[in-house]
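Colleague: This is work-v5.cif (mmCIF, C-alpha atoms).
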```
data_run
#
loop_
_atom_site.label_atom_id
_atom_site.label_comp_id
_atom_site.auth_asym_id
_atom_site.auth_seq_id
_atom_site.Cartn_x
_atom_site.Cartn_y
_atom_site.Cartn_z
CA MET A 1440 165.92 163.67 28.38
CA SER A 1441 169.02 162.19 29.97
CA ILE A 1442 170.59 159.04 28.65
CA LEU A 1443 169.48 157.07 31.82
CA LYS A 1444 165.85 157.97 31.41
CA LYS A 1445 165.92 157.02 27.72
CA THR A 1446 167.42 153.66 28.56
CA ILE A 1447 164.68 152.88 31.18
CA ALA A 1448 161.94 153.88 28.73
CA ILE A 1449 163.30 151.62 26.01
CA VAL A 1450 163.47 148.65 28.42
CA LEU A 1451 159.88 149.19 29.54
CA LEU A 1452 158.61 149.39 25.98
CA ALA A 1453 160.46 146.20 25.04
CA ALA A 1454 158.96 144.32 28.00
CA MET A 1455 155.46 145.42 27.07
CA ALA A 1456 155.96 144.29 23.50
CA VAL A 1457 157.17 140.87 24.57
CA SER A 1458 154.22 140.48 26.94
CA MET A 1459 151.72 141.41 24.30
CA SER A 1460 153.25 139.14 21.70
CA GLY A 1461 153.11 136.20 24.16
CA CYS A 1462 149.34 136.50 24.48
CA PHE A 1463 148.94 135.98 20.78
CA LEU A 1464 151.37 133.10 20.66
CA LEU A 1465 149.58 130.88 23.46
CA PRO A 1466 146.59 128.81 22.33
CA SER A 1467 143.16 130.05 23.57
CA GLU A 1468 141.26 128.00 26.28
CA GLU A 1469 138.12 126.02 25.27
CA GLU A 1470 134.78 127.04 26.86
CA LEU A 1471 133.48 124.72 29.70
CA LEU A 1472 130.29 122.79 28.85
CA ALA A 1473 127.30 122.94 31.31
CA PRO A 1474 126.44 119.61 33.07
CA PRO A 1475 123.53 117.77 31.58
CA LEU A 1476 120.14 118.37 33.25
CA VAL A 1477 118.81 115.33 35.32
CA GLU A 1478 115.09 114.99 35.53
CA PRO A 1479 114.07 114.38 39.23
CA GLU A 1480 112.37 111.03 39.83
CA LYS A 1481 108.64 111.50 40.17
CA VAL A 1482 107.33 110.40 43.61
CA GLU A 1483 104.31 108.19 43.38
CA TYR A 1484 102.00 108.28 46.44
CA VAL A 1485 99.30 105.80 47.31
CA THR A 1486 96.28 107.75 48.42
CA GLN A 1487 92.70 107.21 49.38
CA SER A 1488 89.87 109.66 49.48
CA VAL A 1489 88.72 110.74 52.94
CA GLU A 1490 85.19 109.52 53.55
CA LYS A 1491 82.66 109.19 56.33
CA GLY A 1492 81.78 105.93 57.98
CA ASP A 1493 81.03 104.18 61.27
CA ILE A 1494 83.56 103.41 64.01
CA SER A 1495 83.50 101.66 67.36
CA SER A 1496 85.91 101.15 70.25
CA SER A 1497 85.94 97.63 71.65
CA ILE A 1498 87.88 95.52 74.13
CA SER A 1499 88.42 91.79 74.42
CA GLY A 1500 89.94 89.49 76.96
CA THR A 1501 89.84 86.12 78.65
CA ALA A 1502 87.80 85.27 81.73
CA TYR A 1503 87.57 82.05 83.72
CA PHE A 1504 84.96 80.10 85.60
CA VAL A 1505 85.90 80.34 89.25
CA SER A 1506 84.22 79.40 92.49
CA SER A 1507 81.80 81.95 93.89
CA GLN A 1508 82.58 80.62 97.36
CA LEU A 1509 86.20 81.35 98.18
CA SER A 1510 87.64 80.96 101.66
CA ASN A 1511 90.96 82.55 102.51
CA VAL A 1512 92.70 80.59 105.25
CA TYR A 1513 95.20 82.09 107.70
CA PHE A 1514 96.29 81.98 111.32
CA THR A 1515 94.25 84.40 113.42
CA THR A 1516 95.74 84.26 116.91
CA THR A 1517 99.39 83.33 116.55
CA GLY A 1518 102.19 83.08 114.03
CA GLY A 1519 105.31 81.01 114.19
CA ARG A 1520 107.68 78.62 112.49
CA ILE A 1521 106.18 76.11 110.06
CA ALA A 1522 106.63 72.49 111.14
CA LYS A 1523 104.43 70.65 108.62
CA ILE A 1524 102.84 71.46 105.26
CA ASN A 1525 100.18 68.86 104.50
CA TYR A 1526 98.54 70.28 101.35
CA ARG A 1527 99.60 72.24 98.28
CA SER A 1528 97.74 74.03 95.49
CA GLY A 1529 95.34 71.81 93.56
CA SER A 1530 94.64 69.45 96.46
CA LYS A 1531 91.09 68.52 97.42
CA VAL A 1532 90.33 68.92 101.11
CA ASN A 1533 87.47 68.30 103.53
CA ALA A 1534 86.35 70.70 106.22
CA GLY A 1535 88.53 70.16 109.30
CA ASP A 1536 91.57 68.81 107.47
CA ILE A 1537 94.84 70.16 108.87
CA LEU A 1538 96.49 72.13 106.09
CA MET A 1539 99.58 73.34 107.95
CA GLU A 1540 101.10 73.05 111.43
CA LEU A 1541 103.38 75.38 113.33
CA ASP A 1542 106.09 74.25 115.75
CA SER A 1543 104.17 73.07 118.87
CA GLU A 1544 106.37 70.35 120.41
CA SER A 1545 106.28 71.88 123.91
CA VAL A 1546 102.50 72.18 123.81
CA ILE A 1547 102.11 68.58 122.61
CA ASN A 1548 104.32 67.35 125.47
CA SER A 1549 102.30 69.37 127.97
CA ILE A 1550 99.06 67.91 126.59
CA ARG A 1551 100.42 64.37 127.02
CA ASP A 1552 101.38 65.02 130.65
CA GLN A 1553 98.13 66.80 131.39
CA LYS A 1554 96.07 63.88 130.06
CA LEU A 1555 97.76 61.66 132.65
CA SER A 1556 97.04 64.19 135.38
CA LEU A 1557 93.45 64.42 134.23
CA GLU A 1558 93.06 60.62 134.38
CA LYS A 1559 94.32 60.59 137.97
CA ALA A 1560 92.02 63.43 138.93
CA LYS A 1561 89.11 61.68 137.25
CA ASN A 1562 89.72 58.46 139.19
CA ALA A 1563 89.95 60.36 142.47
CA TYR A 1564 86.77 62.24 141.64
CA THR A 1565 84.91 59.04 140.74
CA SER A 1566 85.95 57.37 144.01
CA ALA A 1567 85.07 60.40 146.12
CA LYS A 1568 81.72 60.79 144.42
CA GLU A 1569 80.86 57.13 144.95
CA ALA A 1570 81.94 57.33 148.59
CA TYR A 1571 79.85 60.42 149.15
CA GLU A 1572 76.72 59.32 147.36
CA SER A 1573 76.75 55.76 148.76
CA GLY A 1574 77.80 56.77 152.27
CA SER A 1575 80.55 54.14 152.31
CA ALA A 1576 82.97 56.60 153.88
CA ALA A 1577 80.71 56.72 157.00
CA ARG A 1578 79.62 53.09 156.87
CA SER A 1579 81.93 52.01 159.70
CA ALA A 1580 80.71 54.80 161.95
CA GLU A 1581 77.11 53.94 161.10
CA ILE A 1582 77.70 50.28 162.02
CA ASP A 1583 79.32 51.34 165.32
CA ILE A 1584 76.21 53.38 166.13
CA ILE A 1585 73.87 50.50 165.35
CA THR A 1586 75.98 48.12 167.47
CA ALA A 1587 76.15 50.63 170.33
CA LYS A 1588 72.36 51.07 170.31
CA ILE A 1589 71.85 47.31 170.49
CA GLN A 1590 74.23 47.23 173.43
CA LEU A 1591 72.32 50.14 174.99
CA ASP A 1592 69.11 48.18 174.75
CA ASP A 1593 70.75 45.27 176.54
CA LEU A 1594 72.10 47.59 179.23
CA LYS A 1595 68.69 49.17 179.69
CA ALA A 1596 67.15 45.73 180.04
CA ALA A 1597 69.70 44.86 182.76
CA TYR A 1598 69.00 48.17 184.47
CA PHE A 1599 65.27 47.57 184.49
CA ALA A 1600 65.80 44.01 185.84
CA ALA A 1601 67.99 45.34 188.65
CA GLN A 1602 65.40 47.98 189.38
CA ASP A 1603 62.70 45.31 189.69
CA ALA A 1604 64.93 43.25 192.00
CA VAL A 1605 65.55 46.22 194.29
CA SER A 1606 61.86 46.99 194.41
CA ILE A 1607 61.25 43.44 195.65
CA ASN A 1608 64.08 43.48 198.18
CA PRO A 1609 64.98 47.16 198.87
CA SER A 1610 67.23 46.37 201.79
CA ASN A 1611 69.61 44.21 199.74
CA GLU A 1612 72.77 46.25 199.25
CA ASP A 1613 74.13 44.02 196.52
CA LEU A 1614 71.01 44.51 194.48
CA LYS A 1615 71.27 48.27 195.00
CA LYS A 1616 74.88 48.22 193.83
CA LYS A 1617 73.91 46.25 190.70
CA LEU A 1618 71.20 48.81 189.99
CA ASP A 1619 73.66 51.68 190.33
CA ASP A 1620 76.20 49.93 188.10
CA ALA A 1621 73.50 49.22 185.51
CA GLY A 1622 72.44 52.87 185.51
CA ILE A 1623 76.03 54.04 185.07
CA ALA A 1624 76.51 51.60 182.19
CA VAL A 1625 73.39 52.91 180.44
CA TYR A 1626 74.55 56.51 180.87
CA GLU A 1627 78.04 55.79 179.59
CA GLN A 1628 76.65 53.91 176.57
CA GLU A 1629 74.38 56.84 175.72
CA LEU A 1630 77.42 59.14 175.85
CA ARG A 1631 79.31 56.71 173.61
CA ILE A 1632 76.45 56.69 171.11
CA GLU A 1633 76.43 60.50 171.01
CA LYS A 1634 80.15 60.48 170.20
CA LEU A 1635 79.62 57.83 167.52
CA GLU A 1636 76.86 59.92 165.96
CA ILE A 1637 79.16 62.95 165.90
CA ALA A 1638 81.86 60.82 164.25
CA TYR A 1639 79.30 59.62 161.73
CA GLN A 1640 78.31 63.17 160.84
CA ASN A 1641 81.98 64.12 160.59
CA ALA A 1642 82.57 61.18 158.26
CA LEU A 1643 79.68 62.28 156.07
CA SER A 1644 80.96 65.85 156.04
CA SER A 1645 84.48 64.68 155.25
CA ALA A 1646 83.19 62.52 152.41
CA GLU A 1647 81.27 65.46 150.97
CA LYS A 1648 84.30 67.71 151.30
CA ASN A 1649 86.52 65.11 149.63
CA TYR A 1650 83.98 64.81 146.86
CA GLU A 1651 83.83 68.59 146.32
CA ASN A 1652 87.61 68.91 146.36
CA ALA A 1653 88.01 65.98 143.98
CA LYS A 1654 85.41 67.55 141.68
CA ILE A 1655 87.32 70.86 141.72
CA ASP A 1656 90.64 69.09 141.06
CA TYR A 1657 89.08 67.16 138.19
CA GLN A 1658 87.54 70.29 136.64
CA THR A 1659 90.80 72.20 137.07
CA ALA A 1660 92.70 69.43 135.31
CA GLN A 1661 90.12 69.39 132.53
CA ASN A 1662 90.33 73.18 132.13
CA ARG A 1663 94.10 72.98 131.95
CA LEU A 1664 93.88 70.33 129.24
CA ASP A 1665 91.31 72.41 127.35
CA ASP A 1666 93.63 75.42 127.47
CA LEU A 1667 96.55 73.36 126.17
CA GLU A 1668 94.45 71.84 123.37
CA LEU A 1669 93.24 75.32 122.45
CA ALA A 1670 96.86 76.46 122.38
CA TYR A 1671 97.61 73.52 120.09
CA GLU A 1672 94.65 74.37 117.84
CA ARG A 1673 96.10 77.84 117.42
CA THR A 1674 99.18 76.23 115.88
CA VAL A 1675 97.27 74.20 113.28
CA LEU A 1676 95.55 75.57 110.21
CA ARG A 1677 92.36 73.68 109.37
CA ALA A 1678 90.23 73.83 106.24
CA PRO A 1679 87.05 75.75 107.15
CA VAL A 1680 85.16 74.27 104.17
CA SER A 1681 85.44 71.39 101.74
CA GLY A 1682 86.70 72.15 98.24
CA THR A 1683 89.80 72.57 96.12
CA ILE A 1684 92.88 74.58 97.08
CA THR A 1685 93.21 77.13 94.30
CA TYR A 1686 95.98 79.12 96.00
CA ALA A 1687 98.79 78.07 98.32
CA LYS A 1688 101.45 80.53 99.40
CA LYS A 1689 104.97 79.44 98.50
CA VAL A 1690 106.45 78.76 101.93
CA ASP A 1691 108.76 76.05 103.26
CA ILE A 1692 109.18 74.17 106.52
CA GLY A 1693 111.12 76.30 108.99
CA GLN A 1694 109.85 79.56 107.55
CA ASN A 1695 107.98 81.96 109.82
CA VAL A 1696 104.45 83.11 109.00
CA SER A 1697 102.37 85.89 110.55
CA THR A 1698 98.77 86.20 111.65
CA TYR A 1699 96.25 87.13 108.94
CA GLU A 1700 98.75 86.22 106.23
CA THR A 1701 96.71 84.36 103.60
CA LEU A 1702 98.29 80.95 103.16
CA TYR A 1703 95.54 79.11 101.28
CA THR A 1704 92.42 79.85 99.27
CA ILE A 1705 89.83 77.09 99.10
CA SER A 1706 87.22 77.14 96.34
CA ASP A 1707 83.95 75.25 96.15
CA PRO A 1708 83.86 73.83 92.61
CA ALA A 1709 80.11 73.26 92.81
CA ASN A 1710 79.35 77.00 92.86
CA LEU A 1711 80.83 78.79 89.86
CA THR A 1712 80.90 82.35 88.64
CA LEU A 1713 82.70 84.08 85.77
CA GLY A 1714 85.61 86.33 86.60
CA MET A 1715 88.71 88.08 85.25
CA ASP A 1716 91.75 89.29 87.18
CA GLY A 1717 94.84 91.29 86.28
CA GLU A 1718 95.13 94.92 85.25
CA LYS A 1719 93.12 94.39 82.07
CA CYS A 1720 89.98 93.78 84.10
CA ARG A 1721 89.92 97.49 84.97
CA GLU A 1722 88.85 98.24 81.39
CA TYR A 1723 85.37 96.78 81.96
CA PRO A 1724 82.96 99.25 83.62
CA VAL A 1725 80.09 97.93 85.73
CA GLY A 1726 76.93 97.56 83.66
CA LEU A 1727 78.76 97.07 80.36
CA GLU A 1728 77.06 94.52 78.10
CA VAL A 1729 79.43 91.86 76.80
CA GLU A 1730 79.48 88.96 74.39
CA ILE A 1731 80.80 85.73 75.88
CA THR A 1732 82.11 82.82 73.82
CA TYR A 1733 82.37 79.42 75.48
CA ASP A 1734 82.74 76.09 73.72
CA LYS A 1735 82.13 77.78 70.34
CA LYS A 1736 78.79 79.19 71.54
CA GLN A 1737 77.92 82.84 72.12
CA TYR A 1738 76.11 84.15 75.18
CA LYS A 1739 75.10 87.61 76.35
CA GLY A 1740 76.33 88.94 79.64
CA ILE A 1741 76.97 92.03 81.76
CA VAL A 1742 79.72 93.33 84.04
CA THR A 1743 78.57 93.12 87.67
CA THR A 1744 81.68 94.18 89.63
CA ASN A 1745 85.13 95.58 88.95
CA PRO A 1746 88.08 96.77 91.07
CA SER A 1747 86.44 100.14 91.72
CA THR A 1748 83.35 98.52 93.27
CA ASN A 1749 84.91 95.50 94.99
CA PRO A 1750 85.16 95.68 98.79
CA ARG A 1751 88.65 95.84 100.25
CA ASP A 1752 90.14 92.61 101.57
CA GLU A 1753 90.94 91.96 105.24
CA ASN A 1754 94.23 93.85 104.85
CA GLY A 1755 92.50 96.89 103.32
CA GLU A 1756 93.99 96.22 99.89
CA GLU A 1757 92.20 96.58 96.56
CA GLN A 1758 90.81 93.38 95.06
CA VAL A 1759 91.73 93.45 91.37
CA TYR A 1760 89.11 91.32 89.65
CA THR A 1761 85.98 91.77 87.54
CA GLN A 1762 82.93 89.54 87.59
CA PHE A 1763 80.44 88.89 84.82
CA GLU A 1764 76.89 87.62 84.78
CA ILE A 1765 76.26 85.26 81.89
CA PHE A 1766 72.65 84.92 80.74
CA ASP A 1767 70.85 81.68 79.88
CA PHE A 1768 73.84 79.51 80.75
CA ASP A 1769 73.88 76.05 82.31
CA PHE A 1770 76.75 76.12 84.81
CA THR A 1771 76.72 72.34 85.10
CA THR A 1772 78.31 72.26 81.64
CA ALA A 1773 81.37 74.20 82.83
CA ALA A 1774 84.22 73.29 85.14
CA GLN A 1775 86.31 75.43 87.42
CA GLY A 1776 89.21 76.91 85.45
CA ASP A 1777 87.50 76.77 82.03
CA SER A 1778 88.16 79.92 79.98
CA VAL A 1779 85.82 82.09 77.89
CA GLN A 1780 86.41 84.96 75.49
CA ILE A 1781 84.90 88.31 76.43
CA LYS A 1782 84.16 91.02 73.85
CA ALA A 1783 82.47 94.35 74.41
CA VAL A 1784 81.84 97.61 72.54
CA LEU A 1785 82.77 100.60 74.69
CA ASP A 1786 81.62 103.39 72.33
CA SER A 1787 80.58 103.94 68.72
CA ARG A 1788 80.07 106.75 66.20
CA LYS A 1789 78.07 106.80 62.96
CA ASP A 1790 78.57 108.89 59.82
CA VAL A 1791 81.85 110.51 60.90
CA ILE A 1792 85.19 111.01 59.14
CA VAL A 1793 87.19 107.82 59.64
CA ILE A 1794 90.79 107.14 58.61
CA PRO A 1795 93.24 104.26 59.27
CA ARG A 1796 95.21 104.49 62.51
CA SER A 1797 98.40 103.77 60.55
CA CYS A 1798 98.09 107.13 58.78
CA VAL A 1799 98.18 109.16 61.98
CA ASN A 1800 101.60 110.50 62.96
CA ALA A 1801 102.40 111.83 66.44
CA TYR A 1802 105.23 114.10 67.53
CA LEU A 1803 105.49 115.97 70.83
CA GLY A 1804 101.76 115.87 71.40
CA ARG A 1805 100.97 116.89 67.86
CA LYS A 1806 98.94 114.57 65.61
CA TYR A 1807 99.04 115.00 61.87
CA VAL A 1808 98.54 113.22 58.56
CA ASN A 1809 99.96 113.65 55.07
CA ILE A 1810 97.61 114.60 52.28
CA LEU A 1811 98.19 115.28 48.59
CA VAL A 1812 97.36 118.79 47.40
CA ASP A 1813 97.89 119.47 43.66
CA GLY A 1814 100.38 116.65 43.54
CA VAL A 1815 102.34 118.01 46.54
CA LYS A 1816 102.68 116.22 49.90
CA VAL A 1817 101.32 118.44 52.70
CA GLU A 1818 101.25 117.84 56.45
CA LYS A 1819 97.87 118.48 58.04
CA ASP A 1820 97.27 118.71 61.80
CA ILE A 1821 94.21 116.81 62.99
CA GLU A 1822 92.16 116.34 66.14
CA VAL A 1823 91.32 112.72 66.88
CA GLY A 1824 88.07 111.57 68.45
CA LEU A 1825 87.05 107.97 69.04
CA GLU A 1826 89.84 105.48 68.45
CA GLY A 1827 89.06 101.96 67.30
CA ASN A 1828 91.32 98.98 66.85
CA THR A 1829 92.22 99.82 63.23
CA HIS A 1830 90.66 103.24 62.52
CA VAL A 1831 90.21 106.59 64.23
CA GLU A 1832 87.63 109.33 64.07
CA VAL A 1833 88.87 112.73 62.87
CA LEU A 1834 87.09 115.68 64.47
CA GLU A 1835 89.03 118.49 62.81
CA GLY A 1836 91.64 118.92 60.11
CA LEU A 1837 90.25 116.85 57.24
CA GLU A 1838 87.37 117.21 54.84
CA VAL A 1839 85.53 114.58 52.89
CA GLY A 1840 87.33 114.16 49.56
CA ASP A 1841 90.83 115.05 50.80
CA LEU A 1842 93.46 112.71 49.38
CA LEU A 1843 95.03 110.94 52.32
CA ILE A 1844 98.51 109.57 51.69
CA ILE A 1845 98.50 106.04 53.03
CA GLN A 1846 101.87 104.98 51.61
#
```
Output the file's structure as structure tokens, nothing else.

Modeller:
Amino acid sequence: MSILKKTIAIVLLAAMAVSMSGCFLLPSEEELLAPPLVEPEKVEYVTQSVEKGDISSSISGTAYFVSSQLSNVYFTTTGGRIAKINYRSGSKVNAGDILMELDSESVINSIRDQKLSLEKAKNAYTSAKEAYESGSAARSAEIDIITAKIQLDDLKAAYFAAQDAVSINPSNEDLKKKLDDAGIAVYEQELRIEKLEIAYQNALSSAEKNYENAKIDYQTAQNRLDDLELAYERTVLRAPVSGTITYAKKVDIGQNVSTYETLYTISDPANLTLGMDGEKCREYPVGLEVEITYDKKQYKGIVTTNPSTNPRDENGEEQVYTQFEIFDFDFTTAAQGDSVQIKAVLDSRKDVIVIPRSCVNAYLGRKYVNILVDGVKVEKDIEVGLEGNTHVEVLEGLEVGDLLIIQ
């Protein structure tokens, strides 16, 4: 072995010796202790044993005594701008009262002028009628005829006297001339009387014509006034019946309203029925027996109508209300607007598994409860049947005796 190799070997051996001696010189590490064991806290569950029982589904609500005779009031022939609002909700009205008026100033002015025209036409008609029926229009002509006939009699008398004179003295030319003149006078007077009689008939005909024309003018003026008053009536909204306004649309003067837009509802407080409105009234099927509480007294009743059986209103819209018949009740003891409490059982089950609603959990369409099995909490899917206000029926998933975790 060369000197170099011996030197390297000695150095390596010395290093190993130092390393090994160092291990014995350092103190040894202590062993790590295991953490103490912690006993888990024991979960205490409140349970109840699943049992069978009875369950029912019921509904309750509030109904009111309302009038059985309701009249919706609206304009039927014309709409327009509101000029006057005479009554609001809660007012008592009599049939014929004007509830609301539309702008009708031009019509009112025309009615005023037409009344004057009608008065003039009436006076002319009255005068013409009197003149026609009394004959006063032809009175002058009639008098002229009478006078002319008297004169004719005198002329005839003179003629006959002249005729007698000529017969006594036929050769007397003067007497002959007087006879001729007397004959001419009689003839001319007869012609004059014929003309007077024609004038008399014309006067009568003219009086009749004036009377007929005056009658037509008077009737035309009356018809014109009737049309204007009808036009005015179309601009006023009158109460069709007496009663209390239970609804008044919130509108203001100057606002436009349309035809068949219900503006008022008038109720007759003397004829009451029991009704409920709002979406809740849909829950009561027709024929359902109900218990009605009024003034701390209970009465039996039945559902007579609901939204599915009510006729549509004049606009074709659904009428959302339900009516009840209350048995053995004196309606004179109630007032319009009084409330009653309505209760009804929709369905019931007997001798079925029933658990509290609060124990039922729902997630993504799944319904389940927690039960205790050998001290361990277990989720159990269930199928629910009839649901009451506080409990539900379980169709599947639980058995009598299961321990239901309620808390």

Colleague: Could you spell out the hits of the PyMOL selection byres ((chain A and resi 1523) around 12) on the shown file, as number ranges by chain?

Modeller: A: 1519-1522, 1524-1527, 1537-1544, 1674-1676, 1690-1695

Colleague: Here's the selection I'm unsure about, the PyMOL selection byres ((chain A and resi 1798) around 9); applied to the file above, which residues does it give, as a PDB file with C-alpha atoms, in the coordinates of the input?

Modeller:
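Final output, saved to selection.pdb:
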```pdb
ATOM      1  CA  ILE A1794      90.790 107.140  58.610  1.00  0.00           C
ATOM      2  CA  PRO A1795      93.240 104.260  59.270  1.00  0.00           C
ATOM      3  CA  ARG A1796      95.210 104.490  62.510  1.00  0.00           C
ATOM      4  CA  SER A1797      98.400 103.770  60.550  1.00  0.00           C
ATOM      5  CA  VAL A1799      98.180 109.160  61.980  1.00  0.00           C
ATOM      6  CA  ASN A1800     101.600 110.500  62.960  1.00  0.00           C
ATOM      7  CA  TYR A1807      99.040 115.000  61.870  1.00  0.00           C
ATOM      8  CA  VAL A1808      98.540 113.220  58.560  1.00  0.00           C
ATOM      9  CA  ASN A1809      99.960 113.650  55.070  1.00  0.00           C
ATOM     10  CA  LEU A1843      95.030 110.940  52.320  1.00  0.00           C
ATOM     11  CA  ILE A1844      98.510 109.570  51.690  1.00  0.00           C
ATOM     12  CA  ILE A1845      98.500 106.040  53.030  1.00  0.00           C
ATOM     13  CA  GLN A1846     101.870 104.980  51.610  1.00  0.00           C
TER      14      GLN A1846
END
```

Colleague: Expand the PyMOL selection byres ((chain A and resi 1817) around 12) into the individual residues it matches in the shown file, reporting them as a tab-separated table (two decimals) with C-alpha atoms, in the coordinates of the input.

Modeller:
```
chain	number	residue	atom	x	y	z
A	1484	TYR	CA	102.00	108.28	46.44
A	1807	TYR	CA	99.04	115.00	61.87
A	1808	VAL	CA	98.54	113.22	58.56
A	1809	ASN	CA	99.96	113.65	55.07
A	1810	ILE	CA	97.61	114.60	52.28
A	1811	LEU	CA	98.19	115.28	48.59
A	1812	VAL	CA	97.36	118.79	47.40
A	1813	ASP	CA	97.89	119.47	43.66
A	1814	GLY	CA	100.38	116.65	43.54
A	1815	VAL	CA	102.34	118.01	46.54
A	1816	LYS	CA	102.68	116.22	49.90
A	1818	GLU	CA	101.25	117.84	56.45
A	1819	LYS	CA	97.87	118.48	58.04
A	1820	ASP	CA	97.27	118.71	61.80
A	1841	ASP	CA	90.83	115.05	50.80
A	1842	LEU	CA	93.46	112.71	49.38
A	1843	LEU	CA	95.03	110.94	52.32
A	1844	ILE	CA	98.51	109.57	51.69
```

Colleague: Any idea what the distance is between atom CA of Phe1766 of chain A and atom CA of Val1784 of chain A?

Modeller: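 If I compute the distance from atom CA of Phe1766 of chain A to atom CA of Val1784 of chain A, I get 17.7 Å.
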
Colleague: Could you tell me which of A:Val1489, A:Ile1637, A:Val1482, A:Ile1741 comes closest to Gly1840 of chain A if we count only C-alpha atoms?

Modeller: A:Val1489

Colleague: How many Å lie between atom CA of Lys1654 of chain A and atom CA of Lys1554 of chain A, rounded to one decimal?

Modeller: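 Atom CA of Lys1554 of chain A lies at a distance of 16.2 Å from atom CA of Lys1654 of chain A.
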
Colleague: Here is a test: counting all atoms listed in the file, which residue of A:Val1696, A:Met1715, A:Ile1792, A:Ile1623 is nearest to Val1759 of chain A?

Modeller: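 Ranked by minimum distance to Val1759 of chain A, first place goes to A:Met1715.
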
Colleague: Find the residues near Tyr1699 of chain A: any atom within 7 Å, counting all atoms listed in the file, skip ones fewer than 4 places away on the same chain, and give them as a list in words.

Modeller: Tyr1513, Phe1514 and Thr1515 of chain A

Colleague: Emit the selected residues as an mmCIF file, keeping the file's coordinate frame, including C-alpha atoms.

Modeller:
```
data_model
loop_
_atom_site.group_PDB
_atom_site.id
_atom_site.type_symbol
_atom_site.label_atom_id
_atom_site.label_comp_id
_atom_site.auth_asym_id
_atom_site.auth_seq_id
_atom_site.Cartn_x
_atom_site.Cartn_y
_atom_site.Cartn_z
ATOM 1 C CA TYR A 1513 95.200 82.090 107.700
ATOM 2 C CA PHE A 1514 96.290 81.980 111.320
ATOM 3 C CA THR A 1515 94.250 84.400 113.420
#
```

Colleague: Mind pulling up the distance from atom CA of Asn1611 of chain A to atom CA of Tyr1626 of chain A?

Modeller: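 Those two atoms sit 23.1 Å apart.
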
Colleague: Determine the axis-aligned bounding box of all atoms of segment 1619-1629 of chain A present in the file, pad each side by 4 Å, and express its centre and edge lengths in Å to one decimal place as AutoDock Vina command-line options.

Modeller:
```
--center_x 75.2 --center_y 53.0 --center_z 183.0 --size_x 13.6 --size_y 15.6 --size_z 22.6
```

Colleague: Which residue is closest to Ile1498 of chain A? Choose from A:Ile1765, A:Ala1563, A:Leu1727, A:Val1823 and count only C-alpha atoms.

Modeller: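 Ranked by minimum distance to Ile1498 of chain A, first place goes to A:Leu1727.
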
Colleague: Would you mind listing, for every residue of segment 1596-1715 of chain A within 12 Å of segment 1749-1754 of chain A, the two atoms forming the shortest contact and the distance between them in Å to one decimal, using all atoms listed in the file, sorted by chain and ascending residue number, as JSON lines?

Modeller:
```
{"residue": "A:Thr1698", "atom": "CA", "partner": "A:Asn1754", "partner_atom": "CA", "distance": 11.2}
{"residue": "A:Tyr1699", "atom": "CA", "partner": "A:Glu1753", "partner_atom": "CA", "distance": 8.1}
{"residue": "A:Glu1700", "atom": "CA", "partner": "A:Asn1754", "partner_atom": "CA", "distance": 9.0}
{"residue": "A:Thr1701", "atom": "CA", "partner": "A:Glu1753", "partner_atom": "CA", "distance": 9.7}
```

Colleague: Kindly indicate which residue among A:Ser1507, A:Ser1566, A:Ser1681, A:Asn1641 lies nearest to Thr1712 of chain A, using all atoms listed in the file for the distances.

Modeller: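 Residue with the minimum atom-to-atom distance to Thr1712 of chain A: A:Ser1507.
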
Colleague: Pick the closest to Leu1643 of chain A from A:Ile1655, A:Ile1731, A:Leu1713, A:Ala1567: which is it, counting all atoms listed in the file?

Modeller: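 Closest candidate: A:Ala1567.
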
Colleague: Take segment 1485-1510 of chain A from the block and save it with C-alpha atoms, as a PDB file, in the first residue's frame.

Modeller:
```
ATOM      1  CA  VAL A1485     -86.081  14.484  22.951  1.00  0.00           C
ATOM      2  CA  THR A1486     -88.223  11.829  21.358  1.00  0.00           C
ATOM      3  CA  GLN A1487     -91.785  10.674  21.274  1.00  0.00           C
ATOM      4  CA  SER A1488     -93.189   7.365  20.235  1.00  0.00           C
ATOM      5  CA  VAL A1489     -95.010   7.293  16.905  1.00  0.00           C
ATOM      6  CA  GLU A1490     -98.668   6.537  17.471  1.00  0.00           C
ATOM      7  CA  LYS A1491    -101.963   6.502  15.619  1.00  0.00           C
ATOM      8  CA  GLY A1492    -104.640   9.101  16.070  1.00  0.00           C
ATOM      9  CA  ASP A1493    -107.219  11.290  14.337  1.00  0.00           C
ATOM     10  CA  ILE A1494    -106.457  14.300  12.134  1.00  0.00           C
ATOM     11  CA  SER A1495    -108.480  16.889  10.257  1.00  0.00           C
ATOM     12  CA  SER A1496    -107.777  19.702   7.808  1.00  0.00           C
ATOM     13  CA  SER A1497    -109.705  22.890   8.502  1.00  0.00           C
ATOM     14  CA  ILE A1498    -109.883  26.475   7.304  1.00  0.00           C
ATOM     15  CA  SER A1499    -111.055  29.662   8.971  1.00  0.00           C
ATOM     16  CA  GLY A1500    -111.681  33.187   7.879  1.00  0.00           C
ATOM     17  CA  THR A1501    -113.771  36.312   8.264  1.00  0.00           C
ATOM     18  CA  ALA A1502    -116.972  37.046   6.379  1.00  0.00           C
ATOM     19  CA  TYR A1503    -119.229  40.099   6.444  1.00  0.00           C
ATOM     20  CA  PHE A1504    -122.895  40.874   6.221  1.00  0.00           C
ATOM     21  CA  VAL A1505    -123.400  42.634   2.915  1.00  0.00           C
ATOM     22  CA  SER A1506    -126.397  43.697   0.901  1.00  0.00           C
ATOM     23  CA  SER A1507    -127.910  41.043  -1.325  1.00  0.00           C
ATOM     24  CA  GLN A1508    -129.108  43.810  -3.631  1.00  0.00           C
ATOM     25  CA  LEU A1509    -126.117  45.548  -5.148  1.00  0.00           C
ATOM     26  CA  SER A1510    -126.388  47.985  -8.033  1.00  0.00           C
TER      27      SER A1510
END
```
